[in-house]
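Shown here: input_25.pdb, PDB, C-alpha atoms.
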ATOM      1  CA  MET K 256      -7.454  -7.956  15.652
ATOM      2  CA  ALA K 257      -7.656  -9.496  19.119
ATOM      3  CA  ASP K 258      -4.545  -9.432  21.284
ATOM      4  CA  THR K 259      -2.591 -12.693  21.244
ATOM      5  CA  ILE K 260       0.341 -14.356  22.963
ATOM      6  CA  LEU K 261       2.653 -16.068  20.492
ATOM      7  CA  VAL K 262       4.783 -18.912  21.836
ATOM      8  CA  ILE K 263       7.939 -19.700  19.865
ATOM      9  CA  ALA K 264       8.351 -23.466  20.258
ATOM     10  CA  GLU K 265      11.703 -25.163  19.686
ATOM     11  CA  GLN K 266      12.690 -28.366  17.938
ATOM     12  CA  ARG K 267      15.898 -30.012  16.889
ATOM     13  CA  GLU K 268      16.400 -33.005  14.642
ATOM     14  CA  GLY K 269      12.746 -33.966  14.674
ATOM     15  CA  LYS K 270      12.208 -33.699  18.413
ATOM     16  CA  LEU K 271      10.494 -30.977  20.417
ATOM     17  CA  ASN K 272      12.431 -29.335  23.207
ATOM     18  CA  ARG K 273      10.308 -30.162  26.251
ATOM     19  CA  VAL K 274      10.868 -26.644  27.607
ATOM     20  CA  SER K 275       8.467 -25.496  24.874
ATOM     21  CA  PHE K 276       5.625 -26.926  26.943
ATOM     22  CA  GLU K 277       6.763 -24.888  29.951
ATOM     23  CA  THR K 278       6.429 -21.785  27.794
ATOM     24  CA  ILE K 279       2.951 -22.852  26.693
ATOM     25  CA  ALA K 280       2.000 -23.286  30.362
ATOM     26  CA  ALA K 281       3.269 -19.758  31.039
ATOM     27  CA  ALA K 282       1.261 -18.369  28.127
ATOM     28  CA  GLN K 283      -1.879 -20.156  29.318
ATOM     29  CA  ALA K 284      -1.466 -18.661  32.797
ATOM     30  CA  ILE K 285      -1.055 -15.143  31.403
ATOM     31  CA  SER K 286      -3.996 -15.709  29.061
ATOM     32  CA  LYS K 287      -6.328 -16.470  31.957
ATOM     33  CA  GLU K 288      -5.600 -13.064  33.484
ATOM     34  CA  THR K 289      -5.414 -10.963  30.337
ATOM     35  CA  GLY K 290      -7.909 -12.681  28.059
ATOM     36  CA  TRP K 291      -5.324 -12.817  25.279
ATOM     37  CA  ALA K 292      -5.489 -15.849  22.990
ATOM     38  CA  VAL K 293      -2.506 -18.217  22.872
ATOM     39  CA  GLU K 294      -0.963 -19.240  19.562
ATOM     40  CA  VAL K 295       2.174 -21.284  18.890
ATOM     41  CA  VAL K 296       4.638 -21.225  16.015
ATOM     42  CA  LEU K 297       7.230 -23.890  15.233
ATOM     43  CA  ALA K 298       9.917 -23.119  12.655
ATOM     44  CA  GLY K 299      11.665 -25.775  10.610
ATOM     45  CA  SER K 300      11.287 -27.989   7.587
ATOM     46  CA  GLY K 301       8.831 -30.882   7.630
ATOM     47  CA  VAL K 302       7.647 -30.064  11.157
ATOM     48  CA  GLY K 303       3.972 -30.855  10.605
ATOM     49  CA  SER K 304       3.930 -33.879  12.911
ATOM     50  CA  LEU K 305       5.655 -31.924  15.678
ATOM     51  CA  ALA K 306       3.119 -29.135  15.228
ATOM     52  CA  GLN K 307       0.387 -31.717  15.836
ATOM     53  CA  GLU K 308       1.991 -32.544  19.197
ATOM     54  CA  LEU K 309       1.798 -28.883  20.152
ATOM     55  CA  ALA K 310      -1.793 -28.736  18.921
ATOM     56  CA  ALA K 311      -2.741 -31.227  21.642
ATOM     57  CA  LYS K 312      -2.543 -28.339  24.125
ATOM     58  CA  ALA K 313      -5.206 -25.745  24.903
ATOM     59  CA  VAL K 314      -4.150 -23.081  22.413
ATOM     60  CA  ALA K 315      -6.065 -21.260  19.691
ATOM     61  CA  ARG K 316      -3.825 -22.222  16.775
ATOM     62  CA  VAL K 317      -0.452 -23.752  15.903
ATOM     63  CA  TYR K 318       1.579 -22.543  12.942
ATOM     64  CA  ALA K 319       4.120 -24.741  11.173
ATOM     65  CA  LEU K 320       6.518 -22.174   9.709
ATOM     66  CA  GLU K 321       8.278 -24.012   6.901
ATOM     67  CA  ALA K 322      11.263 -23.381   4.636
ATOM     68  CA  PRO K 323      14.096 -25.656   3.472
ATOM     69  CA  VAL K 324      16.708 -23.319   4.977
ATOM     70  CA  LEU K 325      15.054 -23.718   8.387
ATOM     71  CA  ALA K 326      15.792 -27.459   8.457
ATOM     72  CA  ALA K 327      19.028 -26.846  10.371
ATOM     73  CA  TYR K 328      19.137 -23.973  12.837
ATOM     74  CA  THR K 329      20.965 -20.776  11.933
ATOM     75  CA  SER K 330      20.302 -17.478  13.655
ATOM     76  CA  ASP K 331      20.189 -15.623  10.322
ATOM     77  CA  ALA K 332      17.377 -17.736   8.897
ATOM     78  CA  TYR K 333      15.412 -17.872  12.146
ATOM     79  CA  VAL K 334      15.583 -14.112  12.651
ATOM     80  CA  PHE K 335      14.468 -13.455   9.072
ATOM     81  CA  ALA K 336      11.592 -15.945   9.169
ATOM     82  CA  LEU K 337      10.307 -15.014  12.629
ATOM     83  CA  LYS K 338      10.681 -11.274  12.058
ATOM     84  CA  HIS K 339       8.366 -11.386   9.057
ATOM     85  CA  PHE K 340       5.977 -13.813  10.731
ATOM     86  CA  ILE K 341       5.658 -11.650  13.860
ATOM     87  CA  ALA K 342       5.322  -8.475  11.791
ATOM     88  CA  ASP K 343       2.456 -10.123   9.908
ATOM     89  CA  LYS K 344       0.608 -11.552  12.926
ATOM     90  CA  GLN K 345       1.287  -8.623  15.297
ATOM     91  CA  PRO K 346       0.933 -10.508  18.603
ATOM     92  CA  LYS K 347       0.800  -8.515  21.820
ATOM     93  CA  LEU K 348       3.394 -10.723  23.506
ATOM     94  CA  VAL K 349       5.977 -13.188  22.182
ATOM     95  CA  LEU K 350       7.240 -15.810  24.635
ATOM     96  CA  PHE K 351      10.302 -18.029  24.223
ATOM     97  CA  PRO K 352      11.838 -20.808  26.305
ATOM     98  CA  HIS K 353      15.165 -19.599  27.716
ATOM     99  CA  THR K 354      17.321 -22.125  25.856
ATOM    100  CA  TYR K 355      20.785 -21.906  24.323
ATOM    101  CA  GLN K 356      19.236 -21.524  20.889
ATOM    102  CA  VAL K 357      16.895 -18.747  21.976
ATOM    103  CA  ARG K 358      19.721 -16.900  23.695
ATOM    104  CA  ASP K 359      21.522 -16.969  20.361
ATOM    105  CA  PHE K 360      18.815 -15.464  18.151
ATOM    106  CA  ALA K 361      16.235 -13.696  20.369
ATOM    107  CA  PRO K 362      18.323 -10.545  21.024
ATOM    108  CA  ARG K 363      18.895 -10.185  17.270
ATOM    109  CA  LEU K 364      15.196 -10.740  16.615
ATOM    110  CA  ALA K 365      14.251  -8.054  19.130
ATOM    111  CA  LEU K 366      16.666  -5.639  17.461
ATOM    112  CA  ALA K 367      15.296  -6.482  14.014
ATOM    113  CA  LEU K 368      11.771  -5.748  15.258
ATOM    114  CA  GLY K 369      12.862  -2.600  17.067
ATOM    115  CA  GLN K 370      11.518  -4.012  20.321
ATOM    116  CA  THR K 371      12.686  -4.797  23.838
ATOM    117  CA  LEU K 372      13.508  -8.285  25.119
ATOM    118  CA  ILE K 373      13.048  -9.183  28.787
ATOM    119  CA  SER K 374      15.029 -12.365  29.340
ATOM    120  CA  ASP K 375      15.267 -15.089  31.968
ATOM    121  CA  ALA K 376      12.133 -14.090  33.893
ATOM    122  CA  ILE K 377      11.110 -16.300  36.807
ATOM    123  CA  GLY K 378       7.486 -15.165  36.943
ATOM    124  CA  TYR K 379       5.021 -12.437  36.072
ATOM    125  CA  LYS K 380       2.342 -10.194  37.568
ATOM    126  CA  TYR K 381      -0.697  -8.607  35.966
ATOM    127  CA  GLU K 382      -1.625  -5.535  37.961
ATOM    128  CA  ASN K 383      -4.024  -2.764  36.947
ATOM    129  CA  GLY K 384      -3.905  -3.869  33.339
ATOM    130  CA  LYS K 385      -0.111  -3.859  33.265
ATOM    131  CA  LEU K 386       2.050  -6.925  32.663
ATOM    132  CA  LEU K 387       5.178  -7.149  34.816
ATOM    133  CA  PHE K 388       7.959  -9.723  34.582
ATOM    134  CA  THR K 389      10.031 -10.756  37.591
ATOM    135  CA  ARG K 390      13.781 -11.144  37.098
ATOM    136  CA  GLN K 391      16.439 -12.205  39.559
ATOM    137  CA  MET K 392      19.324  -9.855  40.252
ATOM    138  CA  PHE K 393      22.701 -10.134  41.963
ATOM    139  CA  GLN K 394      22.838 -13.945  41.622
ATOM    140  CA  GLY K 395      19.341 -14.412  42.996
ATOM    141  CA  LYS K 396      19.723 -12.275  46.105
ATOM    142  CA  PHE K 397      17.093  -9.804  44.870
ATOM    143  CA  ALA K 398      14.201  -9.795  42.424
ATOM    144  CA  ALA K 399      12.900  -6.913  40.342
ATOM    145  CA  ASP K 400       9.619  -6.427  38.493
ATOM    146  CA  VAL K 401      10.178  -4.960  35.034
ATOM    147  CA  SER K 402       7.779  -3.931  32.294
ATOM    148  CA  PHE K 403       7.838  -2.831  28.673
ATOM    149  CA  GLY K 404       7.865   0.833  27.752
ATOM    150  CA  SER K 405       6.690   0.377  24.169
ATOM    151  CA  ASP K 406       3.437  -0.788  22.607
ATOM    152  CA  GLY K 407       4.819  -4.104  21.424
ATOM    153  CA  PRO K 408       4.959  -6.739  20.244
ATOM    154  CA  TRP K 409       6.760  -7.496  23.496
ATOM    155  CA  LEU K 410       9.360 -10.261  23.707
ATOM    156  CA  ALA K 411      10.198 -12.240  26.833
ATOM    157  CA  THR K 412      11.813 -15.499  27.900
ATOM    158  CA  PHE K 413      11.050 -17.514  31.012
ATOM    159  CA  GLN K 414      13.765 -19.293  32.954
ATOM    160  CA  ILE K 415      13.692 -23.077  32.693
ATOM    161  CA  GLY K 416      11.596 -24.376  35.574
ATOM    162  CA  ALA K 417       9.638 -21.155  36.087
ATOM    163  CA  PHE K 418       6.558 -23.082  34.889
ATOM    164  CA  ARG K 419       5.892 -26.797  34.681
ATOM    165  CA  GLY K 420       5.433 -28.279  31.258
ATOM    166  CA  ASP K 421       3.270 -31.104  32.576
ATOM    167  CA  GLN K 422       0.762 -28.501  33.766
ATOM    168  CA  ALA K 423       0.141 -27.147  30.276
ATOM    169  CA  GLU K 424      -3.574 -27.722  29.726
ATOM    170  CA  ALA K 425      -4.596 -30.211  27.068
ATOM    171  CA  GLY K 426      -6.815 -29.303  24.161
ATOM    172  CA  SER K 427      -7.170 -29.565  20.410
ATOM    173  CA  ALA K 428      -6.073 -26.796  18.075
ATOM    174  CA  PRO K 429      -5.938 -26.428  14.303
ATOM    175  CA  VAL K 430      -2.547 -26.503  12.599
ATOM    176  CA  GLU K 431      -1.851 -24.003   9.848
ATOM    177  CA  ASN K 432       1.075 -24.503   7.497
ATOM    178  CA  VAL K 433       2.869 -21.283   6.589
ATOM    179  CA  THR K 434       5.598 -21.109   3.958
ATOM    180  CA  SER K 435       8.279 -18.633   4.931
ATOM    181  CA  ALA K 436       9.776 -16.379   2.285
ATOM    182  CA  VAL K 437      13.241 -16.844   3.776
ATOM    183  CA  ALA K 438      15.659 -17.713   0.977
ATOM    184  CA  ASP K 439      18.596 -20.089   1.134
ATOM    185  CA  GLY K 440      20.939 -17.129   0.851
ATOM    186  CA  ALA K 441      19.562 -15.573   4.046
ATOM    187  CA  ALA K 442      21.836 -17.798   6.121
ATOM    188  CA  ARG K 443      25.389 -16.459   6.062
ATOM    189  CA  VAL K 444      26.718 -19.531   7.844
ATOM    190  CA  THR K 445      26.610 -23.158   6.786
ATOM    191  CA  PRO K 446      25.512 -25.473   9.595
ATOM    192  CA  HIS K 447      27.524 -28.646  10.006
ATOM    193  CA  GLU K 448      26.821 -31.780  11.990
ATOM    194  CA  VAL K 449      26.170 -31.034  15.644
ATOM    195  CA  PHE K 450      28.906 -32.357  17.916
ATOM    196  CA  GLN K 451      29.812 -32.338  21.587
ATOM    197  CA  GLU K 452      33.201 -31.083  22.710
ATOM    198  CA  ALA K 453      33.545 -34.018  25.067
ATOM    199  CA  LYS K 454      31.717 -37.187  25.912
ATOM    200  CA  GLN K 455      30.692 -35.609  29.205
ATOM    201  CA  ALA K 456      29.067 -32.610  27.500
ATOM    202  CA  VAL K 457      25.320 -32.617  27.997
ATOM    203  CA  ASP K 458      22.380 -30.247  28.005
ATOM    204  CA  LEU K 459      21.225 -30.864  31.562
ATOM    205  CA  SER K 460      18.079 -28.820  30.988
ATOM    206  CA  GLN K 461      16.718 -31.819  29.059
ATOM    207  CA  SER K 462      17.430 -34.337  31.846
ATOM    208  CA  GLU K 463      14.499 -35.620  33.881
ATOM    209  CA  VAL K 464      16.707 -36.965  36.692
ATOM    210  CA  ILE K 465      19.845 -35.256  38.003
ATOM    211  CA  VAL K 466      22.194 -36.356  40.789
ATOM    212  CA  ALA K 467      24.312 -33.383  41.865
ATOM    213  CA  VAL K 468      27.336 -33.390  44.140
ATOM    214  CA  GLY K 469      28.934 -30.704  46.262
ATOM    215  CA  ARG K 470      31.904 -30.293  48.565
ATOM    216  CA  GLY K 471      30.603 -33.106  50.750
ATOM    217  CA  ILE K 472      31.852 -35.615  48.181
ATOM    218  CA  LYS K 473      35.374 -34.739  49.481
ATOM    219  CA  GLU K 474      37.473 -36.436  46.788
ATOM    220  CA  GLN K 475      37.218 -36.899  43.041
ATOM    221  CA  LYS K 476      37.319 -40.672  43.338
ATOM    222  CA  ASN K 477      34.103 -40.527  45.359
ATOM    223  CA  LEU K 478      32.209 -39.273  42.308
ATOM    224  CA  ALA K 479      31.715 -42.944  41.505
ATOM    225  CA  LEU K 480      29.039 -43.039  44.226
ATOM    226  CA  ALA K 481      27.006 -40.346  42.475
ATOM    227  CA  GLU K 482      27.587 -41.878  39.055
ATOM    228  CA  GLU K 483      26.323 -45.259  40.246
ATOM    229  CA  LEU K 484      23.211 -43.666  41.753
ATOM    230  CA  ALA K 485      22.567 -41.645  38.603
ATOM    231  CA  LYS K 486      22.911 -44.781  36.482
ATOM    232  CA  ALA K 487      20.419 -46.641  38.671
ATOM    233  CA  LEU K 488      17.961 -43.746  38.361
ATOM    234  CA  GLY K 489      18.531 -43.292  34.635
ATOM    235  CA  GLY K 490      19.804 -39.758  35.187
ATOM    236  CA  GLU K 491      22.785 -37.470  34.743
ATOM    237  CA  VAL K 492      25.502 -36.351  37.154
ATOM    238  CA  ALA K 493      25.939 -32.639  37.873
ATOM    239  CA  ALA K 494      27.736 -30.528  40.445
ATOM    240  CA  SER K 495      27.970 -27.280  42.334
ATOM    241  CA  ARG K 496      30.635 -24.777  41.332
ATOM    242  CA  PRO K 497      33.460 -25.912  43.678
ATOM    243  CA  ILE K 498      33.480 -29.368  42.092
ATOM    244  CA  CYS K 499      33.844 -27.929  38.590
ATOM    245  CA  ASP K 500      36.384 -25.357  39.756
ATOM    246  CA  ASN K 501      38.488 -28.279  41.002
ATOM    247  CA  GLY K 502      38.264 -29.874  37.574
ATOM    248  CA  TRP K 503      36.520 -32.974  38.907
ATOM    249  CA  LEU K 504      33.631 -32.540  36.459
ATOM    250  CA  PRO K 505      33.478 -30.439  33.265
ATOM    251  CA  LEU K 506      31.881 -26.994  33.375
ATOM    252  CA  GLU K 507      29.000 -28.295  31.247
ATOM    253  CA  ARG K 508      27.773 -30.115  34.357
ATOM    254  CA  GLN K 509      27.770 -27.123  36.679
ATOM    255  CA  ILE K 510      24.402 -26.064  38.097
ATOM    256  CA  GLY K 511      23.762 -22.551  39.330
ATOM    257  CA  SER K 512      23.950 -18.874  38.477
ATOM    258  CA  SER K 513      27.244 -19.368  36.627
ATOM    259  CA  GLY K 514      26.226 -22.740  35.152
ATOM    260  CA  GLN K 515      23.092 -24.375  33.806
ATOM    261  CA  THR K 516      19.536 -23.832  35.015
ATOM    262  CA  VAL K 517      17.557 -27.057  35.291
ATOM    263  CA  ALA K 518      14.101 -28.253  36.278
ATOM    264  CA  PRO K 519      14.123 -32.064  36.264
ATOM    265  CA  LYS K 520      11.423 -34.294  37.671
ATOM    266  CA  LEU K 521      13.917 -35.441  40.326
ATOM    267  CA  TYR K 522      16.950 -33.582  41.671
ATOM    268  CA  VAL K 523      19.149 -35.394  44.189
ATOM    269  CA  ALA K 524      21.617 -33.117  46.009
ATOM    270  CA  LEU K 525      24.508 -34.946  47.662
ATOM    271  CA  GLY K 526      26.721 -33.011  50.038
ATOM    272  CA  ILE K 527      25.486 -29.655  48.736
ATOM    273  CA  SER K 528      24.966 -27.016  51.404
ATOM    274  CA  GLY K 529      22.633 -24.909  49.289
ATOM    275  CA  ALA K 530      24.283 -21.566  48.545
ATOM    276  CA  ILE K 531      21.950 -19.158  46.764
ATOM    277  CA  GLN K 532      24.154 -19.294  43.653
ATOM    278  CA  HIS K 533      23.388 -23.012  43.349
ATOM    279  CA  ILE K 534      19.742 -22.844  44.367
ATOM    280  CA  VAL K 535      18.810 -20.348  41.645
ATOM    281  CA  GLY K 536      19.839 -22.961  39.093
ATOM    282  CA  MET K 537      17.726 -25.870  40.375
ATOM    283  CA  LYS K 538      14.891 -24.607  42.566
ATOM    284  CA  GLY K 539      12.386 -25.248  39.786
ATOM    285  CA  SER K 540      12.905 -29.018  40.115
ATOM    286  CA  ARG K 541       9.681 -30.912  40.703
ATOM    287  CA  THR K 542      11.047 -33.075  43.535
ATOM    288  CA  ILE K 543      14.232 -32.261  45.450
ATOM    289  CA  VAL K 544      15.957 -34.864  47.615
ATOM    290  CA  ALA K 545      18.855 -33.624  49.744
ATOM    291  CA  VAL K 546      21.451 -35.651  51.642
ATOM    292  CA  ASN K 547      23.678 -33.687  54.015
ATOM    293  CA  LYS K 548      25.169 -34.362  57.425
ATOM    294  CA  ASP K 549      24.514 -30.765  58.530
ATOM    295  CA  PRO K 550      20.897 -30.445  59.736
ATOM    296  CA  GLU K 551      21.148 -26.657  59.306
ATOM    297  CA  ALA K 552      22.186 -26.815  55.639
ATOM    298  CA  PRO K 553      20.129 -24.289  53.599
ATOM    299  CA  ILE K 554      19.369 -26.956  50.988
ATOM    300  CA  PHE K 555      16.861 -28.499  53.397
ATOM    301  CA  GLU K 556      14.723 -25.349  53.213
ATOM    302  CA  ILE K 557      13.729 -26.155  49.634
ATOM    303  CA  ALA K 558      14.017 -29.963  49.736
ATOM    304  CA  ASP K 559      10.900 -32.109  49.464
ATOM    305  CA  VAL K 560      12.766 -34.976  51.109
ATOM    306  CA  GLY K 561      15.720 -34.370  53.408
ATOM    307  CA  VAL K 562      18.110 -36.967  54.767
ATOM    308  CA  VAL K 563      20.418 -35.848  57.572
ATOM    309  CA  GLY K 564      23.286 -38.288  57.380
ATOM    310  CA  ASN K 565      26.643 -39.216  55.937
ATOM    311  CA  LEU K 566      26.285 -39.518  52.168
ATOM    312  CA  PHE K 567      28.913 -42.277  52.163
ATOM    313  CA  ASP K 568      26.473 -44.395  54.161
ATOM    314  CA  VAL K 569      23.218 -43.190  52.611
ATOM    315  CA  VAL K 570      24.067 -43.266  48.904
ATOM    316  CA  PRO K 571      25.321 -46.877  48.622
ATOM    317  CA  ALA K 572      22.268 -48.120  50.523
ATOM    318  CA  LEU K 573      19.925 -46.025  48.379
ATOM    319  CA  THR K 574      21.571 -47.187  45.161
ATOM    320  CA  GLU K 575      21.280 -50.818  46.210
ATOM    321  CA  GLU K 576      17.569 -50.480  46.966
ATOM    322  CA  ILE K 577      16.925 -48.793  43.618
ATOM    323  CA  LYS K 578      18.771 -51.566  41.799
ATOM    324  CA  LYS K 579      16.615 -54.144  43.580
ATOM    325  CA  ALA K 580      13.472 -52.262  42.579
ATOM    326  CA  ASN K 581      14.651 -52.108  38.963
ATOM    327  CA  ALA K 582      15.498 -55.803  38.804
TER     328      ALA K 582
END

Just give me the structure as structure tokens.
Amino acid sequence: MADTILVIAEQREGKLNRVSFETIAAAQAISKETGWAVEVVLAGSGVGSLAQELAAKAVARVYALEAPVLAAYTSDAYVFALKHFIADKQPKLVLFPHTYQVRDFAPRLALALGQTLISDAIGYKYENGKLLFTRQMFQGKFAADVSFGSDGPWLATFQIGAFRGDQAEAGSAPVENVTSAVADGAARVTPHEVFQEAKQAVDLSQSEVIVAVGRGIKEQKNLALAEELAKALGGEVAASRPICDNGWLPLERQIGSSGQTVAPKLYVALGISGAIQHIVGMKGSRTIVAVNKDPEAPIFEIADVGVVGNLFDVVPALTEEIKKANA
């Protein structure tokens, strides 16, 4: 059997997690260097139409792994279903998006398979026939190349933003429906309706536009400036750690090594100096716009557009122009 890369795609409530396409892009890149075929599996119940969306990418095959108990996510059912599927297909490499859901079940899946999991990689290298994964260490200050010591199947996750989902090559692949043998009793927990702890709670990794604030915002009342800009752009408000430590925004909106990792189409940084702990959480953004009165602020080193100025002058003017354009 030829070596393959198996991508574990993710869906919830009838919608694909867009990070799945980043993982497909990663698999395609590795495939070009190794010659390994790329296949995709999507677990759930009634996921045929979503599998067709995945089949519009340049992959060899898409599997719709179906069972009634997979309709709502539980780690028990997912581990059981994917363990048996992977054991049957014997891929060389299994890739996951580094999402909350994956972080819940992937370590258990690796243990069930008796394999190693390399998580939160930011890139890879293929040298002398050996596949290496690059991971950040010490809050992004260093990077290390790590490899697998076993024969596989190998399991790895890529950090959100490590690859761009819009660069996943298009194609046309067959979809194969597979009925999983996972029984209803395999899930030891009963999933209930998904809820958010607070109205502000949000998965920022799914946001295409983010307006983030740092110490330069000065006072909590000034968050209204960022909120108005985010509303005009159709985005979400986020923050660096000091803002959340002050209690001005909930921890769910913190970006960085101790918060969420994001890769939106547009990231607007207001009054953020650019400490490495923050940068590791947003450097995968497609376009970064930074506003800071300090021309030496580190954030400008990674910004696509930099504005040296007082955010209290720049942001209202920018918001007004965007509103005019939207009218």

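Proximity to K:Val430 was assessed for K:Ser512, K:Ser304, K:Ser405, K:Ser462 counting only C-alpha atoms; the smallest distance is recorded for K:Ser304.
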
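When the PyMOL selection byres ((chain K and resi 513) around 12) is evaluated against the file, it yields Phe393, Gln394, Gly395, Ala494, Ser495, Arg496, Pro497, Cys499, Asp500, Leu506, Glu507, Arg508, Gln509, Ile510, Gly511, Ser512, Gly514, Gln515, Thr516, Ile531, Gln532, His533, Ile534, Val535 and Gly536 of chain K.
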
Legend entry - Nearest to K:Gly426, chosen from K:Thr259, K:Gln307, K:Thr389, K:Ser528, with only C-alpha atoms counted in the distances: K:Gln307

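Taking atom CA of K:Ile415 and atom CA of K:Thr278 as endpoints, the distance between them is 8.9 Å.
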
Inset, instruction - Determine the residue set returned by the PyMOL selection byres ((chain K and resi 468) around 7) for the present structure, and present it as a PyMOL selection string. - result: chain K and resi 466-467+469+472+493-495+524-527

Inset, instruction - Expand the PyMOL selection byres ((chain K and resi 264) around 12) into the individual residues it matches in the shown file, reporting them as a ChimeraX atom specification. - result: /K:261-263,265-267,270-280,282,294-299,302,305-306,308-310,317-320,337,349-354,356-357,412

Inset, instruction - Calculate how many Å separate atom CA of K:Ile465 from atom CA of K:Val523, rounding to one decimal. - result: 6.2 Å

Inset, instruction - Within 9 Å of (5.3, -9.4, 38.8) (coordinates as in the file), grab all the protein and nucleic acid residues, counting all atoms listed in the file, and write them out as an MDAnalysis selection string. - result: chainID K and resid 378:382 386:390 399:402

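Going from atom CA of K:Ala582 over to atom CA of K:Ala479, you cover 20.9 Å.
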
Legend entry - Residue neighbourhood K:Leu521, 9 Å, only C-alpha atoms, exclusion window fewer than 2 positions, as a PyMOL selection string: chain K and resi 463-466+490+518-519+523+540-544

Inset, instruction - May I ask which of the residues K:Asp331, K:Asp421, K:Glu575, K:Asp568 is the closest one to K:Ala485, counting all atoms listed in the file? - result: K:Glu575

Centre, x/y/z edge lengths, axis-aligned box for stretch 416-422 of chain K with 8 Å per side, as JSON:
{"center_x": 6.2, "center_y": -26.1, "center_z": 33.7, "size_x": 26.8, "size_y": 25.9, "size_z": 20.8}

Legend entry - Residue neighbourhood K:Gly440, 12 Å, all atoms listed in the file, exclusion window fewer than 5 positions, as a PyMOL selection string: chain K and resi 323-325+329+331-332+335+445

Please list, as a CSV table (one decimal) with C-alpha atoms, in the coordinates of the input, the residues that have an atom at most 6 Å away from (21.0, -33.5, 58.4) in the coordinates of this file, counting all atoms listed in the file.
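Dumped to selection-v1.csv:
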chain,number,residue,atom,x,y,z
K,547,ASN,CA,23.7,-33.7,54.0
K,548,LYS,CA,25.2,-34.4,57.4
K,549,ASP,CA,24.5,-30.8,58.5
K,550,PRO,CA,20.9,-30.4,59.7
K,562,VAL,CA,18.1,-37.0,54.8
K,563,VAL,CA,20.4,-35.8,57.6
K,564,GLY,CA,23.3,-38.3,57.4

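Using only C-alpha atoms, the residues found no farther than 8 Å from K:Glu424, other than those of its own chain fewer than 6 positions away, are Ala280, Gln283, Lys312 and Ala313 of chain K.
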
Inset, instruction - Between K:Val517, K:Trp291, K:Gly529, K:Ala487, single out the one closest to K:Lys578, counting all atoms listed in the file. - result: K:Ala487
